[in-house]
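Coordinates from coords_6.cif are shown below (mmCIF, C-alpha atoms).
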data_work
loop_
_atom_site.label_atom_id
_atom_site.label_comp_id
_atom_site.auth_asym_id
_atom_site.auth_seq_id
_atom_site.Cartn_x
_atom_site.Cartn_y
_atom_site.Cartn_z
CA MET Z 809 0.00 0.00 0.00
CA TYR Z 810 2.88 2.35 0.63
CA SER Z 811 4.70 2.02 -2.66
CA SER Z 812 1.54 2.82 -4.63
CA HIS Z 813 1.34 6.33 -3.14
CA LYS Z 814 3.47 9.00 -4.74
CA GLY Z 815 5.09 11.87 -2.97
CA GLY Z 816 8.08 12.46 -0.80
CA ALA Z 817 11.40 11.77 -2.49
CA LEU Z 818 12.70 8.30 -1.64
CA VAL Z 819 15.52 8.23 0.87
CA LYS Z 820 18.26 5.63 1.01
CA ILE Z 821 18.80 4.21 4.47
CA GLU Z 822 21.44 1.84 5.77
CA VAL Z 823 20.71 -0.13 8.89
CA THR Z 824 22.03 -3.15 10.70
CA ILE Z 825 19.19 -5.47 11.62
CA ASN Z 826 19.93 -8.40 13.90
CA GLY Z 827 23.58 -8.16 12.90
CA GLU Z 828 22.92 -8.01 9.17
CA HIS Z 829 23.67 -4.87 7.16
CA GLN Z 830 20.81 -3.74 4.93
CA SER Z 831 20.30 -0.91 2.49
CA HIS Z 832 16.89 0.19 1.21
CA GLU Z 833 15.19 3.12 -0.41
CA VAL Z 834 12.09 4.14 1.49
CA GLU Z 835 9.43 6.80 1.49
CA PRO Z 836 10.08 9.27 4.31
CA ARG Z 837 6.62 8.67 5.76
CA MET Z 838 7.16 4.93 6.16
CA LEU Z 839 7.12 3.93 9.82
CA LEU Z 840 9.94 1.77 11.12
CA VAL Z 841 7.51 -1.01 12.02
CA HIS Z 842 6.16 -1.15 8.45
CA PHE Z 843 9.71 -1.08 7.11
CA LEU Z 844 10.67 -4.04 9.27
CA ARG Z 845 7.57 -6.05 8.41
CA GLU Z 846 6.93 -5.19 4.78
CA VAL Z 847 10.32 -4.26 3.34
CA VAL Z 848 12.66 -6.41 5.40
CA GLY Z 849 10.12 -9.18 5.95
CA LEU Z 850 10.55 -9.53 9.69
CA THR Z 851 6.98 -9.97 10.86
CA GLY Z 852 7.75 -10.88 14.45
CA THR Z 853 7.38 -7.20 15.34
CA HIS Z 854 3.65 -6.57 15.55
CA VAL Z 855 1.47 -3.59 14.71
CA GLY Z 856 -1.00 -3.18 17.54
CA CYS Z 857 -2.49 0.22 18.23
CA GLU Z 858 -0.16 2.24 16.00
CA THR Z 859 -0.54 5.11 18.49
CA SER Z 860 2.51 4.49 20.76
CA LEU Z 861 0.35 3.02 23.50
CA CYS Z 862 0.36 -0.78 23.25
CA GLY Z 863 4.07 -1.55 22.77
CA ALA Z 864 3.52 -4.52 20.44
CA CYS Z 865 5.87 -2.91 17.90
CA SER Z 866 8.79 -2.48 20.32
CA VAL Z 867 12.28 -3.07 18.94
CA MET Z 868 15.76 -2.20 20.17
CA LEU Z 869 17.16 0.82 18.32
CA ASN Z 870 20.82 1.45 19.15
CA GLY Z 871 20.36 -0.42 22.42
CA GLU Z 872 17.18 1.34 23.47
CA ALA Z 873 13.67 -0.08 23.32
CA VAL Z 874 11.46 2.09 21.13
CA LYS Z 875 7.97 1.87 19.71
CA ALA Z 876 8.60 1.30 16.02
CA CYS Z 877 5.19 2.76 15.13
CA THR Z 878 6.41 6.15 16.32
CA VAL Z 879 9.75 6.16 14.55
CA LEU Z 880 10.13 6.88 10.85
CA ALA Z 881 12.26 4.34 9.00
CA VAL Z 882 14.41 7.22 7.76
CA GLN Z 883 15.17 8.18 11.38
CA ALA Z 884 16.78 4.77 11.81
CA HIS Z 885 19.42 5.48 9.17
CA GLY Z 886 22.77 4.29 10.49
CA ALA Z 887 21.19 2.51 13.43
CA ASP Z 888 21.67 -0.93 14.89
CA ILE Z 889 18.29 -2.60 15.29
CA THR Z 890 17.43 -5.76 17.17
CA THR Z 891 14.00 -7.30 16.68
CA ILE Z 892 12.45 -10.31 18.37
CA GLU Z 893 13.97 -12.46 15.59
CA GLY Z 894 17.45 -11.41 16.72
CA LEU Z 895 17.28 -12.59 20.31
CA ALA Z 896 17.65 -16.36 19.97
CA GLN Z 897 21.25 -17.40 19.32
CA ASN Z 898 22.37 -20.61 17.59
CA GLY Z 899 18.89 -22.09 17.79
CA GLU Z 900 18.66 -21.54 21.53
CA LEU Z 901 15.94 -19.37 22.95
CA HIS Z 902 17.05 -16.22 24.74
CA PRO Z 903 16.52 -16.61 28.52
CA ILE Z 904 13.63 -14.14 28.36
CA GLN Z 905 11.96 -16.16 25.62
CA GLU Z 906 12.58 -19.30 27.66
CA GLY Z 907 10.99 -17.58 30.66
CA PHE Z 908 7.83 -16.82 28.68
CA TRP Z 909 7.75 -20.47 27.60
CA GLU Z 910 8.35 -21.89 31.06
CA CYS Z 911 6.10 -19.52 33.01
CA HIS Z 912 3.21 -19.39 30.54
CA GLY Z 913 3.91 -15.72 29.87
CA LEU Z 914 1.67 -15.63 26.83
CA GLN Z 915 -1.74 -16.74 25.70
CA CYS Z 916 -2.59 -15.30 22.27
CA GLY Z 917 1.00 -14.14 21.83
CA PHE Z 918 0.27 -10.87 20.07
CA CYS Z 919 1.93 -8.65 22.69
CA THR Z 920 4.77 -11.11 23.34
CA PRO Z 921 7.47 -9.79 20.97
CA GLY Z 922 7.07 -6.29 22.38
CA MET Z 923 6.89 -7.59 25.94
CA ILE Z 924 10.13 -9.48 25.45
CA ILE Z 925 11.87 -6.41 24.00
CA ALA Z 926 10.67 -4.31 26.95
CA ALA Z 927 11.88 -7.00 29.35
CA HIS Z 928 15.20 -7.09 27.49
CA GLN Z 929 15.64 -3.35 28.04
CA LEU Z 930 14.68 -3.68 31.69
CA LEU Z 931 17.14 -6.49 32.41
CA GLU Z 932 19.96 -4.60 30.67
CA ARG Z 933 19.39 -1.64 32.96
CA HIS Z 934 18.33 -3.55 36.08
CA PRO Z 935 19.73 -7.09 36.03
CA LYS Z 936 18.04 -7.89 39.35
CA PRO Z 937 14.71 -6.09 39.22
CA SER Z 938 12.09 -6.13 41.96
CA GLU Z 939 8.55 -7.08 41.01
CA ALA Z 940 7.69 -3.36 41.06
CA ASP Z 941 10.64 -2.65 38.73
CA ILE Z 942 9.33 -5.28 36.32
CA ARG Z 943 5.80 -3.90 36.33
CA ARG Z 944 7.17 -0.41 35.72
CA GLY Z 945 9.51 -1.74 33.03
CA ILE Z 946 6.64 -3.21 31.02
CA GLU Z 947 4.15 -0.42 31.64
CA GLY Z 948 4.43 0.64 28.01
CA ASN Z 949 3.18 -2.75 26.84
CA LEU Z 950 -0.42 -3.91 26.95
CA CYS Z 951 -1.51 -7.53 27.28
CA ARG Z 952 -5.19 -8.35 27.09
CA CYS Z 953 -4.89 -12.06 27.97
CA THR Z 954 -2.63 -12.86 30.85
CA GLY Z 955 -3.39 -10.24 33.48
CA TYR Z 956 0.39 -9.72 33.51
CA GLN Z 957 1.22 -12.00 36.46
CA HIS Z 958 2.71 -14.74 34.30
CA ILE Z 959 4.65 -12.16 32.32
CA VAL Z 960 6.15 -10.83 35.54
CA ASP Z 961 6.99 -14.41 36.50
CA ALA Z 962 8.66 -14.93 33.12
CA VAL Z 963 10.84 -11.86 33.53
CA GLN Z 964 11.80 -12.98 37.05
CA TYR Z 965 12.73 -16.39 35.62
CA ALA Z 966 14.93 -14.71 33.02
CA ALA Z 967 16.54 -12.37 35.54
CA ALA Z 968 17.45 -15.30 37.77
CA LYS Z 969 18.86 -17.28 34.85
CA MET Z 970 20.81 -14.35 33.38
CA THR Z 971 22.43 -13.39 36.69
CA ALA Z 972 23.11 -16.95 37.84
CA MET B 599 0.42 10.03 6.67
CA ILE B 600 0.56 12.73 3.99
CA PRO B 601 3.80 12.37 1.99
CA PHE B 602 6.61 14.79 2.72
CA ASP B 603 10.22 15.44 1.81
CA TYR B 604 12.81 14.61 4.43
CA HIS B 605 16.03 16.31 5.37
CA ALA B 606 18.50 15.18 8.03
CA PRO B 607 21.05 17.99 8.42
CA LYS B 608 24.19 17.18 10.37
CA THR B 609 24.73 20.65 11.80
CA LEU B 610 22.49 23.26 13.37
CA GLN B 611 23.63 25.78 10.76
CA LYS B 612 22.40 23.55 7.95
CA ALA B 613 19.17 22.91 9.83
CA MET B 614 18.58 26.64 10.28
CA ARG B 615 19.19 27.21 6.58
CA LEU B 616 16.58 24.56 5.72
CA VAL B 617 14.12 26.00 8.23
CA ARG B 618 14.56 29.45 6.67
CA GLU B 619 14.30 28.09 3.14
CA HIS B 620 11.09 26.13 3.67
CA GLY B 621 9.37 28.44 6.13
CA ASP B 622 5.85 27.41 7.11
CA ASP B 623 5.97 24.35 4.85
CA ALA B 624 8.45 22.68 7.17
CA SER B 625 8.19 21.00 10.55
CA VAL B 626 11.18 20.34 12.74
CA LEU B 627 11.46 16.76 13.98
CA ALA B 628 13.21 15.91 17.24
CA GLY B 629 12.33 12.54 18.81
CA GLY B 630 9.07 12.41 16.89
CA HIS B 631 6.87 11.51 19.81
CA SER B 632 4.68 14.56 19.40
CA LEU B 633 4.99 15.30 15.68
CA ILE B 634 4.63 11.79 14.25
CA PRO B 635 1.36 11.05 16.12
CA LEU B 636 -0.01 14.39 14.86
CA MET B 637 1.05 13.57 11.30
CA LYS B 638 -0.62 10.16 11.46
CA LEU B 639 -3.86 11.87 12.43
CA ARG B 640 -3.27 14.51 9.74
CA PHE B 641 -3.48 17.24 12.34
CA ALA B 642 -0.07 18.11 10.98
CA ALA B 643 0.82 17.67 7.31
CA PRO B 644 4.14 19.41 6.66
CA ALA B 645 5.48 19.29 3.11
CA VAL B 646 9.00 19.09 4.51
CA VAL B 647 10.32 17.46 7.68
CA ILE B 648 13.69 18.60 9.00
CA ASP B 649 15.06 15.94 11.33
CA LEU B 650 17.41 17.34 13.99
CA GLY B 651 18.21 13.83 15.28
CA GLY B 652 21.60 13.71 13.60
CA ILE B 653 22.92 16.86 15.27
CA GLY B 654 25.03 15.44 18.09
CA GLY B 655 25.68 18.69 19.91
CA LEU B 656 22.03 19.12 20.82
CA LYS B 657 21.84 15.99 22.95
CA LYS B 658 24.12 16.89 25.80
CA VAL B 659 23.02 17.21 29.42
CA THR B 660 25.40 18.88 31.88
CA ALA B 661 24.94 19.51 35.59
CA GLY B 662 27.40 22.12 36.86
CA HIS B 663 27.65 24.00 40.14
CA GLU B 664 25.94 27.04 38.71
CA THR B 665 24.05 25.92 35.65
CA ILE B 666 22.28 22.83 34.38
CA THR B 667 21.98 22.63 30.61
CA ILE B 668 19.80 20.26 28.63
CA GLY B 669 20.27 20.08 24.88
CA ALA B 670 16.91 20.28 23.15
CA LEU B 671 17.45 16.81 21.64
CA ALA B 672 18.25 15.13 24.98
CA THR B 673 15.79 12.32 25.61
CA HIS B 674 13.61 12.10 28.68
CA TYR B 675 15.64 9.02 29.65
CA ALA B 676 18.91 10.97 29.38
CA VAL B 677 17.57 13.30 32.07
CA GLU B 678 15.98 10.49 34.10
CA SER B 679 19.24 8.51 34.20
CA HIS B 680 21.77 11.35 34.49
CA ARG B 681 24.27 10.53 37.20
CA LEU B 682 24.53 14.00 38.76
CA LEU B 683 21.03 15.36 38.42
CA PRO B 684 19.43 13.61 41.42
CA GLY B 685 21.88 15.42 43.70
CA LYS B 686 21.71 18.76 41.90
CA CYS B 687 18.07 19.09 40.92
CA ARG B 688 15.80 16.21 41.83
CA LEU B 689 12.82 17.81 40.10
CA LEU B 690 14.31 17.17 36.65
CA PRO B 691 14.83 13.38 36.79
CA GLU B 692 11.60 13.00 38.77
CA THR B 693 9.64 14.78 36.04
CA ALA B 694 11.35 12.73 33.33
CA SER B 695 10.51 9.48 35.11
CA GLU B 696 6.80 10.38 35.15
CA ILE B 697 6.55 10.75 31.38
CA GLY B 698 4.85 8.06 29.30
CA ASP B 699 6.63 4.73 29.52
CA VAL B 700 10.14 3.35 29.02
CA GLN B 701 10.01 3.32 25.24
CA VAL B 702 8.58 6.82 25.07
CA ARG B 703 11.24 8.14 27.47
CA ASN B 704 13.96 6.48 25.40
CA ARG B 705 12.91 8.32 22.29
CA GLY B 706 10.98 11.45 23.19
CA THR B 707 13.01 14.60 23.76
CA VAL B 708 12.82 17.39 26.32
CA GLY B 709 13.06 20.10 23.68
CA GLY B 710 10.49 18.45 21.45
CA SER B 711 7.98 18.25 24.28
CA ILE B 712 8.57 21.87 25.27
CA ALA B 713 8.31 23.20 21.73
CA HIS B 714 5.13 21.18 21.17
CA ALA B 715 3.52 22.67 24.33
CA ASP B 716 0.84 20.07 24.84
CA PRO B 717 -1.36 21.40 27.65
CA ALA B 718 -1.01 18.07 29.47
CA ALA B 719 2.74 17.58 28.99
CA ASP B 720 4.89 17.23 32.10
CA TRP B 721 7.96 19.33 31.26
CA PRO B 722 6.24 22.74 31.15
CA ALA B 723 5.34 22.47 34.85
CA ALA B 724 8.91 21.64 35.84
CA MET B 725 10.41 24.30 33.57
CA LEU B 726 8.14 26.95 35.09
CA ALA B 727 9.02 25.85 38.63
CA LEU B 728 12.74 26.00 37.83
CA ASN B 729 12.60 29.38 36.04
CA ALA B 730 14.22 27.74 33.01
CA GLN B 731 15.63 29.79 30.17
CA PHE B 732 15.17 28.51 26.63
CA ASP B 733 17.86 29.26 24.06
CA ILE B 734 16.38 29.77 20.64
CA ALA B 735 18.20 29.97 17.32
CA GLY B 736 16.56 32.03 14.61
CA PRO B 737 17.11 33.84 11.34
CA SER B 738 18.50 36.90 13.12
CA GLY B 739 20.68 35.06 15.64
CA GLU B 740 20.05 33.66 19.09
CA ARG B 741 17.76 34.77 21.83
CA ALA B 742 16.72 33.44 25.23
CA VAL B 743 13.16 33.28 26.50
CA ALA B 744 12.11 32.55 30.07
CA ALA B 745 9.75 29.60 30.57
CA SER B 746 7.16 32.00 32.01
CA ASP B 747 7.10 33.90 28.69
CA PHE B 748 7.42 30.83 26.47
CA PHE B 749 4.18 28.92 26.98
CA VAL B 750 1.64 31.21 25.38
CA GLY B 751 -1.43 29.05 24.84
CA LEU B 752 -2.78 25.72 23.66
CA PHE B 753 0.06 24.15 21.61
CA THR B 754 1.37 27.69 21.20
CA THR B 755 4.74 29.03 22.28
CA ALA B 756 6.87 32.12 21.84
CA LEU B 757 8.74 30.35 19.01
CA GLN B 758 8.45 32.38 15.83
CA ALA B 759 8.62 31.13 12.23
CA GLY B 760 12.14 30.04 11.41
CA GLU B 761 13.14 29.59 15.05
CA VAL B 762 14.37 26.39 16.70
CA LEU B 763 14.67 25.66 20.40
CA THR B 764 18.25 24.51 20.97
CA ARG B 765 18.93 24.36 24.70
CA ILE B 766 17.38 24.64 28.13
CA ARG B 767 19.31 26.39 30.89
CA ILE B 768 18.46 26.18 34.57
CA ALA B 769 20.26 27.80 37.49
CA THR B 770 21.44 24.94 39.70
CA PRO B 771 19.32 25.16 42.88
CA PRO B 772 21.22 26.09 46.06
CA GLU B 773 21.96 23.62 48.88
CA ASN B 774 18.92 24.33 51.04
CA SER B 775 16.36 23.72 48.32
CA GLY B 776 14.16 20.90 47.20
CA GLY B 777 11.83 20.11 44.35
CA ALA B 778 9.16 17.59 43.46
CA TYR B 779 6.79 16.72 40.65
CA VAL B 780 3.57 14.82 41.23
CA LYS B 781 0.79 14.10 38.79
CA MET B 782 -2.46 12.30 38.23
CA ARG B 783 -1.99 10.22 35.11
CA GLN B 784 -4.71 9.71 32.55
CA SER B 785 -4.64 5.98 32.85
CA ALA B 786 -4.42 5.09 29.15
CA SER B 787 -2.11 7.76 27.78
CA GLY B 788 -0.14 8.60 30.91
CA PHE B 789 -0.59 12.31 30.21
CA ALA B 790 -1.24 14.56 33.20
CA LEU B 791 -4.85 15.22 34.14
CA ALA B 792 -3.09 17.50 36.57
CA GLY B 793 0.60 17.75 37.33
CA VAL B 794 2.30 20.07 39.80
CA ALA B 795 6.00 20.84 40.01
CA ALA B 796 7.26 22.70 43.08
CA GLN B 797 10.70 24.06 43.82
CA VAL B 798 11.40 25.69 47.19
CA ALA B 799 14.41 27.11 49.01
CA LEU B 800 14.29 27.38 52.79
CA ASP B 801 15.90 29.91 55.13
CA SER B 802 17.81 28.95 58.28
CA ALA B 803 14.56 28.82 60.27
CA GLY B 804 13.06 26.32 57.85
CA ASN B 805 10.68 28.83 56.33
CA CYS B 806 10.13 29.30 52.64
CA ALA B 807 12.69 31.77 51.24
CA SER B 808 11.68 31.26 47.63
CA VAL B 809 9.11 29.12 45.91
CA ALA B 810 7.92 28.47 42.38
CA VAL B 811 5.01 26.23 41.44
CA GLY B 812 4.21 25.11 37.89
CA VAL B 813 0.90 23.48 37.00
CA THR B 814 0.15 21.46 33.87
CA GLY B 815 -2.87 19.58 32.55
CA VAL B 816 -5.34 21.88 34.25
CA ALA B 817 -5.55 24.88 31.94
CA SER B 818 -5.16 25.37 28.20
CA VAL B 819 -1.55 26.21 28.93
CA ALA B 820 0.81 25.37 31.81
CA TYR B 821 1.01 28.21 34.34
CA ARG B 822 2.83 29.48 37.41
CA ALA B 823 0.61 29.32 40.49
CA HIS B 824 1.61 32.76 41.79
CA ALA B 825 -1.18 32.85 44.38
CA VAL B 826 0.22 29.70 45.99
CA GLU B 827 3.72 31.14 46.00
CA ASP B 828 2.60 34.47 47.51
CA ALA B 829 0.73 32.65 50.28
CA LEU B 830 3.73 30.50 51.14
CA ARG B 831 6.68 32.85 50.96
CA GLY B 832 8.21 33.47 54.41
CA ARG B 833 6.14 30.72 55.99
CA GLY B 834 6.75 27.11 56.98
CA LEU B 835 5.53 23.59 56.32
CA ASP B 836 2.27 24.22 58.21
CA ALA B 837 1.23 26.88 55.68
CA ILE B 838 1.29 24.52 52.70
CA ALA B 839 -2.31 23.31 52.86
CA GLU B 840 -3.68 26.84 52.97
CA ALA B 841 -1.38 28.02 50.21
CA ALA B 842 -2.05 25.04 47.94
CA ALA B 843 -5.77 25.84 48.00
CA HIS B 844 -4.96 28.68 45.58
CA ALA B 845 -3.45 26.36 42.93
CA ALA B 846 -6.24 26.94 40.41
CA ASP B 847 -6.85 30.62 41.18
CA GLY B 848 -7.02 32.88 38.16
CA VAL B 849 -7.25 30.10 35.55
CA GLU B 850 -9.17 31.56 32.63
CA GLU B 851 -9.58 28.53 30.42
CA PHE B 852 -9.67 25.07 32.00
CA GLN B 853 -9.01 21.85 30.14
CA GLU B 854 -12.16 19.78 30.21
CA ASP B 855 -12.99 16.45 28.59
CA HIS B 856 -14.59 13.09 29.29
CA HIS B 857 -11.63 12.13 31.47
CA ALA B 858 -11.96 15.01 33.90
CA SER B 859 -14.21 18.05 34.35
CA ALA B 860 -12.86 21.52 34.96
CA ASP B 861 -13.90 21.31 38.62
CA TYR B 862 -12.12 18.01 39.08
CA ARG B 863 -8.95 19.32 37.43
CA ALA B 864 -9.01 22.38 39.70
CA HIS B 865 -9.43 20.06 42.68
CA LEU B 866 -6.51 17.91 41.51
CA ALA B 867 -4.35 21.02 41.09
CA ARG B 868 -4.95 21.95 44.73
CA VAL B 869 -4.37 18.43 46.05
CA PHE B 870 -1.24 17.84 44.01
CA ALA B 871 0.13 21.30 44.83
CA GLN B 872 -0.07 20.33 48.47
CA ARG B 873 1.68 17.01 47.83
CA ALA B 874 4.39 18.51 45.64
CA LEU B 875 5.12 21.32 48.09
CA THR B 876 5.20 18.95 51.05
CA ARG B 877 7.66 16.70 49.28
CA ALA B 878 9.76 19.67 48.14
CA PHE B 879 9.94 20.96 51.73
CA GLU B 880 10.96 17.53 53.01
CA ARG B 881 13.71 17.32 50.44
CA ALA B 882 14.96 20.80 51.28
CA THR B 883 15.53 20.05 54.95
#

Would you write out, as structure tokens, the structure that this file holds?
Amino acid sequence: MYSSHKGGALVKIEVTINGEHQSHEVEPRMLLVHFLREVVGLTGTHVGCETSLCGACSVMLNGEAVKACTVLAVQAHGADITTIEGLAQNGELHPIQEGFWECHGLQCGFCTPGMIIAAHQLLERHPKPSEADIRRGIEGNLCRCTGYQHIVDAVQYAAAKMTA
Amino acid sequence: MIPFDYHAPKTLQKAMRLVREHGDDASVLAGGHSLIPLMKLRFAAPAVVIDLGGIGGLKKVTAGHETITIGALATHYAVESHRLLPGKCRLLPETASEIGDVQVRNRGTVGGSIAHADPAADWPAAMLALNAQFDIAGPSGERAVAASDFFVGLFTTALQAGEVLTRIRIATPPENSGGAYVKMRQSASGFALAGVAAQVALDSAGNCASVAVGVTGVASVAYRAHAVEDALRGRGLDAIAEAAAHAADGVEEFQEDHHASADYRAHLARVFAQRALTRAFERAT
């Protein structure tokens, strides 16, 4: 739908996504989340509310969790991006992913990629978070299934494993 | 989003040239957490977007003995996490920590929020309470505007066409002072239904030597609660409740919507003025 609209000179951007260098020409108005899903083909990052509220589109941009629906793809030029697809290494789940698996941290799974990115940011900044820290760390992410308790458990599982 | 042309200048000089060249057709983009939502809704449809994000010099936060400076492009998180600010001016990191959520604070900028002047934004209250000065670059050079002269009305500031906010300067509060920001969050957006920032300095007897109170979310524009300040100056902790009762005095145009009536917002202003002042006093002693 985006390429069929004319207007706004295309801009060449270079980004590193999950360790892989990529170069694309994009319309300036293209949101980072649409770039990741529709141009790069990484559909693990979800489009939820598209109004910076739900957090389903969260990705790491230069080491900081951001809502990719409120970042233009062109603003990411030169950036290092990590999406949910970049967390598992060598076929092994990241400890946060493992926590969600073990603690039943998801039901429908729609919010999960964003939740995991938010948890990733939290554990980088606070390797041993309190329960209150965890709830504050994921306050930018909405889940309509779990009631959050199992997500908090999953993050605690990951924190314990990552600091063991 | 309506299509637009995009420029990402690497220096402020180049940015200013683009701003001058494109005039009213252009919008300046900082973190994008005010402008991009407006563009999605087509409340804003600039033909040209000038992204300041690549200008490194605008991101710096310094906390000196005399002056605290915040580059307009510094993120809320940069202020929230600054090593020296909690000891120098607690009000700043406390305000930053109350904004939005982690992702929003990582990306949204102090200068962007101030220039946008949302009536429910948090920074205007803190900037008013700290008597901040805003450095502005424009076609005819630089000028500085005090926070109290900057916020003019609903989404309206003293910024003129072709001008860009570049830096915020705050006099580092003296030893015997304390500040606090407290707010009632709109539970979905996190914006302030009412938010009150208070900064006080105490004399040797523990009475209020100077005080400034900024209120956001309540009126169409953030304001200084002068009536509260006048009632508190020279007096002690026990005068706070009486003084805070004046927190909505003189408001001409209240914010009012389905989240909160004008009366409720005025009530919140008074309650949160009391809480902010109490906490500021405690921190000053």

Residues of chain Z within 9 Å of chain B, only C-alpha atoms counted, as a PDB file with C-alpha atoms, in the coordinates of the input:
ATOM      1  CA  HIS Z 813       1.340   6.330  -3.140  1.00  0.00           C
ATOM      2  CA  LYS Z 814       3.470   9.000  -4.740  1.00  0.00           C
ATOM      3  CA  GLY Z 815       5.090  11.870  -2.970  1.00  0.00           C
ATOM      4  CA  GLY Z 816       8.080  12.460  -0.800  1.00  0.00           C
ATOM      5  CA  ALA Z 817      11.400  11.770  -2.490  1.00  0.00           C
ATOM      6  CA  LEU Z 818      12.700   8.300  -1.640  1.00  0.00           C
ATOM      7  CA  VAL Z 819      15.520   8.230   0.870  1.00  0.00           C
ATOM      8  CA  GLU Z 835       9.430   6.800   1.490  1.00  0.00           C
ATOM      9  CA  PRO Z 836      10.080   9.270   4.310  1.00  0.00           C
ATOM     10  CA  ARG Z 837       6.620   8.670   5.760  1.00  0.00           C
ATOM     11  CA  MET Z 838       7.160   4.930   6.160  1.00  0.00           C
ATOM     12  CA  GLU Z 858      -0.160   2.240  16.000  1.00  0.00           C
ATOM     13  CA  THR Z 859      -0.540   5.110  18.490  1.00  0.00           C
ATOM     14  CA  SER Z 860       2.510   4.490  20.760  1.00  0.00           C
ATOM     15  CA  LEU Z 861       0.350   3.020  23.500  1.00  0.00           C
ATOM     16  CA  GLY Z 863       4.070  -1.550  22.770  1.00  0.00           C
ATOM     17  CA  SER Z 866       8.790  -2.480  20.320  1.00  0.00           C
ATOM     18  CA  GLU Z 872      17.180   1.340  23.470  1.00  0.00           C
ATOM     19  CA  ALA Z 873      13.670  -0.080  23.320  1.00  0.00           C
ATOM     20  CA  VAL Z 874      11.460   2.090  21.130  1.00  0.00           C
ATOM     21  CA  LYS Z 875       7.970   1.870  19.710  1.00  0.00           C
ATOM     22  CA  THR Z 878       6.410   6.150  16.320  1.00  0.00           C
ATOM     23  CA  VAL Z 879       9.750   6.160  14.550  1.00  0.00           C
ATOM     24  CA  LEU Z 880      10.130   6.880  10.850  1.00  0.00           C
ATOM     25  CA  VAL Z 882      14.410   7.220   7.760  1.00  0.00           C
ATOM     26  CA  GLN Z 883      15.170   8.180  11.380  1.00  0.00           C
ATOM     27  CA  ALA Z 926      10.670  -4.310  26.950  1.00  0.00           C
ATOM     28  CA  GLN Z 929      15.640  -3.350  28.040  1.00  0.00           C
ATOM     29  CA  LEU Z 930      14.680  -3.680  31.690  1.00  0.00           C
ATOM     30  CA  ARG Z 944       7.170  -0.410  35.720  1.00  0.00           C
ATOM     31  CA  GLY Z 945       9.510  -1.740  33.030  1.00  0.00           C
ATOM     32  CA  ILE Z 946       6.640  -3.210  31.020  1.00  0.00           C
ATOM     33  CA  GLU Z 947       4.150  -0.420  31.640  1.00  0.00           C
ATOM     34  CA  GLY Z 948       4.430   0.640  28.010  1.00  0.00           C
ATOM     35  CA  ASN Z 949       3.180  -2.750  26.840  1.00  0.00           C
TER      36      ASN Z 949
END

Hey, what's within 8 Å of Z:Tyr965 if we count all atoms listed in the file and toss same-chain stuff fewer than 2 positions away? As a PyMOL selection string, please? chain Z and resi 904+907+911+961-963+967-969

With the PyMOL selection byres ((chain B and resi 832-841) around 8) as the selection, what would be picked from this file? Answer as a PyMOL selection string, please. chain B and resi 804-808+825-827+829-831+842-845+872+875-876+879

Can you spell out as a PyMOL selection string the set of residues that the PyMOL selection byres ((chain Z and resi 914) around 8) selects in the structure I just provided? chain Z and resi 908-909+912-913+915-917+920+953-954+958-959

For stretch 892-894 of chain Z, find every residue with an atom within 6 Å (counting all atoms listed in the file), except residues of its own chain fewer than 2 positions away, and show them as an MDAnalysis selection string. chainID Z and resid 826 890 896 921

What gap, in Å, lies between atom CA of Z:Met970 and atom CA of Z:Glu900?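 Answer for the atom CA of Z:Met970 to atom CA of Z:Glu900 separation: 14.0 Å.
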
Using only C-alpha atoms, the shortest atom-to-atom distance to Z:Thr824 among Z:Leu840, Z:Ala966, Z:Val847, Z:Leu869 belongs to Z:Leu869

Could you give me, as a VMD selection string, the residues within 12 Å of B:Gly709, counting only C-alpha atoms and dropping anything in the same chain fewer than 2 positions from it? chain B and resid 626 to 632 650 to 651 656 to 659 667 to 674 677 705 to 707 711 to 715 719 721 to 722 725 731 to 734 762 to 767

Can you spit out stretch 821-825 of chain Z with N, CA, C and O atoms, as an mmCIF file, in the first residue's frame, from the structure just given?
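Saved to out.cif:
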data_model
loop_
_atom_site.group_PDB
_atom_site.id
_atom_site.type_symbol
_atom_site.label_atom_id
_atom_site.label_comp_id
_atom_site.auth_asym_id
_atom_site.auth_seq_id
_atom_site.Cartn_x
_atom_site.Cartn_y
_atom_site.Cartn_z
ATOM 1 N N ILE Z 821 18.362 4.406 3.088
ATOM 2 C CA ILE Z 821 18.801 4.210 4.470
ATOM 3 C C ILE Z 821 19.631 2.936 4.587
ATOM 4 O O ILE Z 821 19.407 1.959 3.871
ATOM 5 N N GLU Z 822 20.605 2.999 5.467
ATOM 6 C CA GLU Z 822 21.438 1.843 5.769
ATOM 7 C C GLU Z 822 21.265 1.518 7.235
ATOM 8 O O GLU Z 822 21.420 2.396 8.088
ATOM 9 N N VAL Z 823 20.915 0.291 7.508
ATOM 10 C CA VAL Z 823 20.706 -0.125 8.894
ATOM 11 C C VAL Z 823 21.305 -1.510 9.107
ATOM 12 O O VAL Z 823 21.500 -2.264 8.143
ATOM 13 N N THR Z 824 21.612 -1.794 10.340
ATOM 14 C CA THR Z 824 22.026 -3.149 10.703
ATOM 15 C C THR Z 824 20.892 -3.768 11.506
ATOM 16 O O THR Z 824 20.503 -3.232 12.547
ATOM 17 N N ILE Z 825 20.332 -4.845 10.965
ATOM 18 C CA ILE Z 825 19.191 -5.471 11.620
ATOM 19 C C ILE Z 825 19.581 -6.878 12.054
ATOM 20 O O ILE Z 825 19.941 -7.708 11.215
#
